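Below: one structure, written as structure tokens.
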Amino acid sequence: MQKLSFSDLNDKVCVITGGAGVIGRSLINGLASLGVKAVILDLDQKKSRQAAEEIADQYNTETLGIAANVLQRESLEKAREEINSRLGKIDLLINCAGGNSPKATTEREFIKDEDLKELDKTFFGLQIEGFQKVFDLNFIGTLLPTMVFAADMVNNGKGAILNISSMNAFTPLTKIPAYSAAKAAINNFTQWLATHFAQTNIRVNALAPGFFLTSQNKFLLIDEKSGELTERGRKIINNTPCGRFGDPDELAGACAYLMSDISSFVSGVVLPVDGGFNAYSGV
């Protein structure tokens, strides 16, 4: 048996969408520390370039920051051309762009008798535009980048794709139907694509983070005025055996494992990184 290492990741070109965000930065930092050439895609050109410069300085690796819209194929194809010309063919892809919106979030968890005169605070008050935006960002924003960047992997005869799912995909949380539906679709798509790509030597897996504080969910979990946990935040902590929110850096090890040849016979899995949330019955 060969000695286990992540050496196969050295000099691989990895594209990460949403790479300037909290979770994206943690994932790509971990890979850059293993010698990966990182390409950070983000809507905000300034943020993507700043993140790339910081990573390059810290890990002394070739790093690019490129502005791209995961919902516009032309934007992604333009990014691919730049990547190919500067770093070569793409070996790895992390679909990390995503998020939720207050416009796709219900104010009430349940419809009760007292809510019948305020149905706008329930499912019936959701804005379809907000729902569509959240679903598109999370699902179409995974589909389109895969269509564009995985073509290099097919030509290479090898590659790995990592989608970012959520614990919502297994059992939906209250209040966030669009985000939950989109992440459930990510799980199904991950399995479908893993099967479709199985004989091309391209593996497709997903991470399902538990609860990590980000700009997208902080408004639901931390009270803006007091800084204390909201009722929802307390429910989450009480149902997480480890008793805390996760640190984004705690996703990096699982990411490296799934992107490396160490997991060469692992494809089509959705790996929870959740402090035991998925395993706990609440009793």
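Going through the structure tokens in order, the chains are called A, B, and so on, while each chain numbers its residues from 1 and the ligands are numbered from 1 in the order shown.
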Practice item. Find the residues near Cys255 (chain A): any atom within 8 Å, counting only C-alpha atoms, skip ones fewer than 4 places away on the same chain, and give them as a ChimeraX atom specification. Key: /A:27,162,207,251,259
Based on the selection just made, write N, CA and C atoms of those residues as a compact mmCIF listing (two decimals), in the first residue's frame.
```txt
# COMPACT_ATOMS: atom_id res chain seq x y z
N LEU A 27 -12.34 26.85 2.12
CA LEU A 27 -12.10 25.68 1.28
C LEU A 27 -10.87 25.87 0.42
N LEU A 162 -16.81 19.19 -6.63
CA LEU A 162 -17.40 19.22 -5.30
C LEU A 162 -18.51 20.26 -5.26
N LEU A 207 -20.42 18.35 -0.20
CA LEU A 207 -20.34 18.57 1.24
C LEU A 207 -21.68 19.14 1.69
N LEU A 251 -14.27 22.74 7.44
CA LEU A 251 -14.72 22.10 6.20
C LEU A 251 -13.55 21.72 5.30
N MET A 259 -11.46 15.92 -2.91
CA MET A 259 -10.84 16.39 -4.15
C MET A 259 -9.59 15.60 -4.51
```
Check your understanding: Near region 126-142 of chain A, counting only C-alpha atoms, which residues have an atom at most 12 Å away, once you skip same-chain residues fewer than 6 positions from it, shown as JSON, numbers by chain?
Key -> {"A": [16, 17, 18, 41, 42, 43, 68, 69, 70, 71, 72, 73, 76, 93, 94, 95, 96, 97, 98, 99, 100, 101, 102, 103, 104, 105, 106, 107, 108, 119, 120, 148, 149, 150, 161, 162, 163, 164, 165, 166, 169, 175, 176, 177, 178, 179, 180, 181, 182, 183, 184, 185, 186, 187, 188, 189, 190, 193, 206, 216]}
File of the preceding selection, C-alpha atoms, as a compact mmCIF listing (two decimals), in the first residue's frame:
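Printed below is part-v3.txt as written:
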```txt
# COMPACT_ATOMS: atom_id res chain seq x y z
CA ILE A 16 -14.14 27.78 -6.99
CA THR A 17 -17.30 29.80 -7.51
CA GLY A 18 -18.29 32.12 -4.69
CA LEU A 41 -14.60 33.37 -9.12
CA ASP A 42 -16.92 35.94 -7.59
CA LEU A 43 -19.39 38.55 -8.79
CA ALA A 68 -17.86 35.96 -13.15
CA ASN A 69 -21.61 35.45 -12.90
CA VAL A 70 -22.59 31.83 -12.25
CA LEU A 71 -25.96 32.49 -13.88
CA GLN A 72 -24.51 33.69 -17.19
CA ARG A 73 -22.88 31.10 -19.40
CA LEU A 76 -18.29 31.68 -17.30
CA LEU A 93 -14.20 22.48 -9.56
CA ILE A 94 -15.92 23.56 -6.36
CA ASN A 95 -19.44 24.93 -6.78
CA CYS A 96 -19.65 27.15 -3.72
CA ALA A 97 -21.76 30.08 -4.96
CA GLY A 98 -25.08 30.17 -3.15
CA GLY A 99 -27.03 31.69 -0.32
CA ASN A 100 -30.47 32.59 1.01
CA SER A 101 -32.53 35.78 1.04
CA PRO A 102 -35.03 37.36 3.46
CA LYS A 103 -37.41 37.63 0.48
CA ALA A 104 -37.53 33.83 0.27
CA THR A 105 -37.93 33.37 4.03
CA THR A 106 -41.21 33.11 5.90
CA GLU A 107 -41.64 35.09 9.10
CA ARG A 108 -43.63 32.29 10.74
CA LEU A 119 -51.00 35.22 5.91
CA ASP A 120 -48.41 37.50 4.33
CA VAL A 148 -18.58 25.07 -18.66
CA PHE A 149 -15.62 23.98 -16.52
CA ALA A 150 -16.08 20.20 -16.47
CA ILE A 161 -16.15 18.18 -8.72
CA LEU A 162 -17.40 19.22 -5.30
CA ASN A 163 -20.86 20.73 -4.83
CA ILE A 164 -21.89 22.52 -1.66
CA SER A 165 -25.13 21.17 -0.29
CA SER A 166 -26.63 21.73 3.16
CA ALA A 169 -31.24 19.00 1.82
CA LYS A 175 -38.90 29.28 7.11
CA ILE A 176 -36.53 28.70 4.16
CA PRO A 177 -38.35 26.68 1.46
CA ALA A 178 -36.41 28.00 -1.53
CA TYR A 179 -32.99 27.33 -0.04
CA SER A 180 -34.04 23.88 1.19
CA ALA A 181 -35.53 22.91 -2.18
CA ALA A 182 -32.45 24.10 -4.06
CA LYS A 183 -30.04 22.18 -1.83
CA ALA A 184 -32.17 19.03 -2.12
CA ALA A 185 -31.84 19.46 -5.88
CA ILE A 186 -28.06 19.74 -5.44
CA ASN A 187 -27.98 16.34 -3.73
CA ASN A 188 -29.95 14.73 -6.53
CA PHE A 189 -27.85 16.43 -9.20
CA THR A 190 -24.64 15.31 -7.47
CA LEU A 193 -23.82 13.64 -12.42
CA ALA A 206 -20.90 17.15 -2.21
CA GLN A 216 -26.48 34.81 4.49
```
Review point. Out of A:Ala20, A:Leu34, A:Ala79, A:Met147, which residue has the shortest atom-to-atom distance to Glu53 (chain A) when counting only C-alpha atoms?
Key: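 Looking only at the distances to Glu53 (chain A), the closest residue turns out to be A:Ala20.
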Practice item. Rank A:Glu62, A:Asp274, A:Asp91, A:Glu81 by their smallest atom-to-atom distance to Asp8 (chain A), using only C-alpha atoms, and report the top residue only. Key: A:Asp91
Practice item. To one decimal in Å, tell me the separation between CA of Gly243 (chain A) and CA of Leu229 (chain A). Key: 13.0 Å
Point to revise | strand (DSSP E) positions in region 42-194 of chain A, given as a list in words | key: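 Filtering region 42-194 of chain A down to strand (DSSP E) leaves Asp42, Thr63, Leu64, Gly65, Ile66, Ala67, Leu92, Leu93, Ile94, Asn95, Gly159, Ala160, Ile161, Leu162, Asn163 and Ile164 of chain A.
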Practice item. Work out how far apart CA of Asn201 (chain A) and CA of Gly157 (chain A) are and give it in Å to one decimal. Key: 6.1 Å
